[in-house]
>>> print(open('input-v3.tsv').read())   # TSV, C-alpha atoms
chain	number	residue	atom	x	y	z
P	151	MET	CA	206.80	197.57	-18.09
P	152	ASN	CA	208.62	196.49	-14.95
P	153	PRO	CA	206.63	193.53	-13.50
P	154	ILE	CA	207.85	194.37	-9.97
P	155	LYS	CA	205.78	197.58	-9.72
P	156	PRO	CA	202.33	195.95	-10.22
P	157	ALA	CA	203.29	193.26	-7.73
P	158	LEU	CA	204.28	195.83	-5.09
P	159	LEU	CA	201.03	197.77	-5.71
P	160	ALA	CA	198.93	194.63	-5.29
P	161	LEU	CA	200.79	193.77	-2.08
P	162	ALA	CA	200.20	197.26	-0.67
P	163	LEU	CA	196.47	197.10	-1.48
P	164	ALA	CA	196.19	193.68	0.15
P	165	ALA	CA	197.93	194.91	3.31
P	166	THR	CA	195.65	197.96	3.51
P	167	SER	CA	192.55	195.78	3.11
P	168	ALA	CA	193.70	193.34	5.79
P	169	HIS	CA	194.44	196.19	8.21
P	170	ALA	CA	190.98	197.68	7.64
P	171	GLN	CA	189.35	194.31	8.36
P	172	THR	CA	191.29	193.64	11.57
P	173	SER	CA	191.21	197.17	13.04
P	174	PRO	CA	188.66	197.56	15.90
P	175	PRO	CA	185.67	199.82	15.24
P	176	ALA	CA	186.09	203.41	16.32
P	177	ALA	CA	184.51	204.44	19.62
P	178	PRO	CA	181.17	206.22	19.16
P	179	VAL	CA	181.27	210.00	19.19
P	180	SER	CA	178.33	210.02	21.62
P	181	GLU	CA	175.64	207.70	22.95
P	182	SER	CA	172.05	208.17	24.17
P	183	GLY	CA	169.88	205.84	26.19
P	184	PHE	CA	166.63	205.23	28.06
P	185	THR	CA	166.71	203.52	31.47
P	186	VAL	CA	164.03	201.92	33.64
P	187	TYR	CA	165.00	201.47	37.32
P	188	GLY	CA	163.83	199.62	40.39
P	189	GLY	CA	165.13	201.02	43.66
P	190	TYR	CA	164.98	201.46	47.41
P	191	ARG	CA	164.64	204.91	48.94
P	192	PHE	CA	165.84	205.82	52.43
P	193	SER	CA	163.82	208.09	54.68
P	194	GLY	CA	164.16	211.72	55.55
P	195	GLY	CA	161.94	213.83	57.79
P	196	PHE	CA	160.79	217.10	59.35
P	197	ILE	CA	160.56	218.62	62.82
P	198	ASP	CA	157.16	220.11	63.72
P	199	VAL	CA	157.69	223.60	65.18
P	200	ASN	CA	154.46	223.54	67.20
P	201	THR	CA	154.75	220.10	68.81
P	202	GLY	CA	158.46	219.26	68.57
P	203	LYS	CA	157.37	215.97	66.99
P	204	THR	CA	159.60	214.34	64.34
P	205	TRP	CA	157.75	213.40	61.17
P	206	GLU	CA	159.59	210.79	59.08
P	207	LEU	CA	159.08	209.70	55.48
P	208	THR	CA	158.90	205.91	55.44
P	209	GLU	CA	161.54	204.07	53.42
P	210	GLY	CA	160.98	201.30	50.89
P	211	PRO	CA	160.71	200.38	47.19
P	212	SER	CA	160.76	203.05	44.49
P	213	PHE	CA	160.94	203.25	40.71
P	214	ALA	CA	162.56	205.68	38.28
P	215	VAL	CA	163.10	206.41	34.59
P	216	ALA	CA	165.82	208.41	32.85
P	217	ALA	CA	166.40	209.65	29.31
P	218	ASP	CA	170.05	210.44	28.49
P	219	PHE	CA	171.10	212.39	25.40
P	220	GLY	CA	174.68	212.09	24.15
P	221	ILE	CA	176.87	215.20	23.93
P	222	ASP	CA	180.39	213.78	23.48
P	223	PRO	CA	182.23	210.47	24.23
P	224	ARG	CA	181.97	211.03	28.01
P	225	THR	CA	179.01	213.32	28.66
P	226	GLN	CA	175.21	213.15	28.44
P	227	TRP	CA	172.28	215.43	29.27
P	228	GLU	CA	169.73	213.67	31.48
P	229	ILE	CA	166.01	213.97	32.25
P	230	PHE	CA	165.29	211.99	35.45
P	231	LEU	CA	162.11	211.06	37.34
P	232	SER	CA	161.94	209.02	40.55
P	233	HIS	CA	158.81	208.15	42.56
P	234	ARG	CA	157.94	206.43	45.81
P	235	SER	CA	154.51	206.00	47.42
P	236	SER	CA	155.64	206.78	50.95
P	237	ALA	CA	153.98	207.93	54.17
P	238	LEU	CA	154.64	210.75	56.62
P	239	ARG	CA	154.72	209.11	60.04
P	240	ALA	CA	155.23	210.44	63.53
P	241	SER	CA	158.40	208.98	65.08
P	242	GLY	CA	158.12	206.30	67.74
P	243	PHE	CA	154.83	204.61	68.58
P	244	SER	CA	151.96	206.61	67.15
P	245	PRO	CA	148.27	206.12	66.38
P	246	VAL	CA	147.04	205.55	62.86
P	247	SER	CA	145.92	209.18	62.72
P	248	ASP	CA	149.59	210.22	62.80
P	249	ASN	CA	150.32	208.41	59.51
P	250	ILE	CA	149.69	210.27	56.24
P	251	GLY	CA	150.06	208.57	52.85
P	252	LEU	CA	152.41	210.69	50.76
P	253	GLY	CA	153.76	210.19	47.25
P	254	VAL	CA	157.18	211.81	46.73
P	255	THR	CA	158.34	212.38	43.14
P	256	TYR	CA	161.56	214.00	41.94
P	257	PHE	CA	161.61	215.70	38.49
P	258	HIS	CA	165.19	216.67	37.59
P	259	VAL	CA	167.22	217.84	34.60
P	260	GLY	CA	170.98	217.32	34.71
P	261	GLY	CA	173.68	215.15	33.23
P	262	THR	CA	176.14	212.26	33.53
P	263	TYR	CA	179.91	212.16	33.12
P	264	PHE	CA	181.78	208.87	32.49
P	265	VAL	CA	185.35	208.45	33.76
P	266	ASP	CA	186.29	206.29	30.74
P	267	ARG	CA	183.71	206.73	27.96
P	268	VAL	CA	179.93	206.61	27.66
P	269	GLY	CA	178.55	203.08	27.82
P	270	LYS	CA	180.76	201.42	30.43
P	271	GLY	CA	182.42	201.84	33.80
P	272	VAL	CA	182.16	204.47	36.52
P	273	TYR	CA	180.18	207.69	36.05
P	274	VAL	CA	178.89	210.55	38.18
P	275	MET	CA	175.58	212.33	37.79
P	276	GLY	CA	173.64	215.30	39.08
P	277	GLY	CA	170.52	217.33	38.43
P	278	ILE	CA	168.25	220.10	39.65
P	279	GLY	CA	164.49	220.48	39.52
P	280	LEU	CA	161.41	219.97	41.69
P	281	THR	CA	160.07	217.63	44.36
P	282	HIS	CA	156.31	216.96	44.32
P	283	PHE	CA	154.66	215.86	47.58
P	284	ASP	CA	151.23	214.34	46.87
P	285	PRO	CA	149.12	213.31	49.92
P	286	SER	CA	146.70	210.41	49.53
P	287	ASP	CA	144.13	212.32	51.59
P	288	SER	CA	142.22	214.49	49.09
P	289	SER	CA	141.45	217.02	51.83
P	290	LEU	CA	145.14	217.95	52.03
P	291	SER	CA	146.96	220.10	49.48
P	292	SER	CA	150.02	218.95	47.54
P	293	GLU	CA	153.37	220.72	47.81
P	294	VAL	CA	156.13	221.49	45.26
P	295	ARG	CA	159.64	222.48	46.37
P	296	ALA	CA	162.99	223.03	44.61
P	297	SER	CA	165.49	220.17	44.87
P	298	LEU	CA	168.69	218.63	43.51
P	299	ASN	CA	170.39	215.23	43.31
P	300	LEU	CA	173.99	214.00	43.16
P	301	GLY	CA	175.25	210.46	42.74
P	302	VAL	CA	177.65	207.89	41.36
P	303	GLY	CA	177.02	204.85	39.17
P	304	TYR	CA	178.56	201.93	37.33
P	305	MET	CA	177.46	200.76	33.86
P	306	VAL	CA	177.95	197.19	32.56
P	307	PRO	CA	177.42	196.69	28.78
P	308	LEU	CA	175.11	193.77	27.86
P	309	GLY	CA	175.84	193.73	24.15
P	310	GLU	CA	175.58	196.64	21.73
P	311	ARG	CA	172.04	197.76	22.61
P	312	LEU	CA	171.57	197.00	26.32
P	313	ALA	CA	173.39	197.76	29.57
P	314	LEU	CA	172.99	197.32	33.33
P	315	LYS	CA	173.21	200.41	35.57
P	316	LEU	CA	173.93	200.43	39.32
P	317	GLU	CA	173.46	203.81	41.01
P	318	GLY	CA	173.39	205.56	44.35
P	319	ARG	CA	171.77	209.01	44.52
P	320	GLY	CA	171.29	211.55	47.26
P	321	TYR	CA	168.47	214.12	47.19
P	322	ALA	CA	168.16	217.49	48.92
P	323	THR	CA	164.86	219.38	48.87
P	324	LEU	CA	164.79	223.01	49.98
P	325	VAL	CA	162.05	223.68	52.53
P	326	ASN	CA	161.17	226.91	54.30
P	327	SER	CA	162.01	226.67	58.00
P	328	SER	CA	158.88	228.60	58.96
P	329	SER	CA	156.35	227.33	56.41
P	330	GLY	CA	153.34	225.09	56.74
P	331	PHE	CA	153.23	221.71	55.03
P	332	LEU	CA	150.20	219.85	53.62
P	333	CYS	CA	147.82	222.72	54.35
P	334	SER	CA	144.10	222.78	53.68
P	335	GLY	CA	142.41	225.26	55.97
P	336	GLY	CA	145.03	224.35	58.60
P	337	CYS	CA	148.51	222.87	58.24
P	338	VAL	CA	149.30	219.29	59.26
P	339	VAL	CA	152.97	220.12	59.90
P	340	GLN	CA	154.68	223.44	60.65
P	341	ILE	CA	158.17	222.72	59.32
P	342	LYS	CA	161.35	223.41	61.25
P	343	GLY	CA	164.46	223.10	59.07
P	344	ASP	CA	165.73	224.17	55.67
P	345	VAL	CA	166.59	220.93	53.82
P	346	LEU	CA	164.94	217.52	53.51
P	347	THR	CA	167.44	214.80	52.53
P	348	GLN	CA	166.85	211.30	51.14
P	349	GLY	CA	169.01	208.58	49.64
P	350	GLU	CA	168.22	206.01	46.95
P	351	LEU	CA	169.85	202.85	45.53
P	352	LEU	CA	168.86	202.01	41.96
P	353	VAL	CA	169.30	199.12	39.51
P	354	GLY	CA	168.32	199.78	35.90
P	355	ILE	CA	168.26	198.32	32.39
P	356	THR	CA	169.29	200.74	29.65
P	357	ALA	CA	168.36	200.68	25.97
P	358	ARG	CA	171.33	202.23	24.14
P	359	PHE	CA	171.15	204.08	20.82
>>> encode(input="input-v3.tsv", output="structure tokens")
Amino acid sequence: MNPIKPALLALALAATSAHAQTSPPAAPVSESGFTVYGGYRFSGGFIDVNTGKTWELTEGPSFAVAADFGIDPRTQWEIFLSHRSSALRASGFSPVSDNIGLGVTYFHVGGTYFVDRVGKGVYVMGGIGLTHFDPSDSSLSSEVRASLNLGVGYMVPLGERLALKLEGRGYATLVNSSSGFLCSGGCVVQIKGDVLTQGELLVGITARF
């Protein structure tokens, strides 16, 4: 038997093994995650048809959660919820009676798309669903309206299982230009306008899996 052939075979096997050990791991086919956010929401408002008064939603801290489900290396489905305990306040100087505690919660289903690949870098997101307005005064009725959100974010990996997310989202809630708002016997506000807009900045920690 020619001793050169076994030697060449052993050399080839050694080279293949070394290449397998030094090659970087393949990128994941998809990735899912769960994110908890702290944020700051900017105000929007309504015009009262009867009085001409501007009613503004106060701005301030908010929180949100999102569950993302991997589809492919760049895309995820997303279930998103964001809440702020706000207040509906008459513009300018106003008495306490013109301030109404109002929780505003967005429930949306949508998705994210990463420019590079899921898990790092720039991504865009969007969703559609409902906005729930919940007054703190039990004598007033809550309201539910259709809404959507669009935004952009940046994801920074913090190891294999965690990541930091920075996001900016804009919300648009469809309101009827001739409808009452927060009604219970009578309506607190008679809305003038078709769309309520708000903006939100979010910082979140994501568990990746």
>>> residues_around(input="input-v3.tsv", residues="Glu310 (chain P)", least_positions_apart="4", cutoff="12 Å", atoms="all atoms listed in the file", output="VMD selection string")
chain P and resid 178 181 183 269 to 270 306 314 356 to 359
>>> write_last_selection(input="input-v3.tsv", atoms="C-alpha atoms", output="mmCIF file, in the frame of the given file")
data_model
loop_
_atom_site.group_PDB
_atom_site.id
_atom_site.type_symbol
_atom_site.label_atom_id
_atom_site.label_comp_id
_atom_site.auth_asym_id
_atom_site.auth_seq_id
_atom_site.Cartn_x
_atom_site.Cartn_y
_atom_site.Cartn_z
ATOM 1 C CA PRO P 178 181.170 206.220 19.160
ATOM 2 C CA GLU P 181 175.640 207.700 22.950
ATOM 3 C CA GLY P 183 169.880 205.840 26.190
ATOM 4 C CA GLY P 269 178.550 203.080 27.820
ATOM 5 C CA LYS P 270 180.760 201.420 30.430
ATOM 6 C CA VAL P 306 177.950 197.190 32.560
ATOM 7 C CA LEU P 314 172.990 197.320 33.330
ATOM 8 C CA THR P 356 169.290 200.740 29.650
ATOM 9 C CA ALA P 357 168.360 200.680 25.970
ATOM 10 C CA ARG P 358 171.330 202.230 24.140
ATOM 11 C CA PHE P 359 171.150 204.080 20.820
#
>>> atom_distance(input="input-v3.tsv", atom1="CA of Ser241 (chain P)", atom2="CA of Leu298 (chain P)")
25.8 Å
>>> atom_distance(input="input-v3.tsv", atom1="CA of Pro285 (chain P)", atom2="CA of Gly253 (chain P)")
6.2 Å
>>> residues_near_point(input="input-v3.tsv", point="(174.3, 214.6, 22.2)", cutoff="9 Å", atoms="all atoms listed in the file", output="JSON, numbers by chain")
{"P": [179, 180, 181, 182, 218, 219, 220, 221, 222, 225, 226, 227]}
>>> closest_residue(input="input-v3.tsv", among="P:Ile341, P:Met305, P:Ala216, P:Leu207", to="Gly188 (chain P)", atoms="all atoms listed in the file")
P:Ala216
>>> atom_distance(input="input-v3.tsv", atom1="CA of Ala313 (chain P)", atom2="CA of Glu209 (chain P)")
27.4 Å
>>> closest_residue(input="input-v3.tsv", among="P:Leu252, P:Val302, P:Leu324, P:Leu231", to="Ser288 (chain P)", atoms="all atoms listed in the file")
P:Leu252
>>> closest_residue(input="input-v3.tsv", among="P:Arg224, P:Arg319, P:Lys203, P:Arg239", to="Arg267 (chain P)", atoms="all atoms listed in the file")
P:Arg224
>>> closest_residue(input="input-v3.tsv", among="P:Arg311, P:Val272, P:Thr185, P:Gly195", to="Ala214 (chain P)", atoms="only C-alpha atoms")
P:Thr185
>>> closest_residue(input="input-v3.tsv", among="P:Tyr321, P:Phe331, P:Tyr263, P:Tyr256", to="Gln348 (chain P)", atoms="only C-alpha atoms")
P:Tyr321
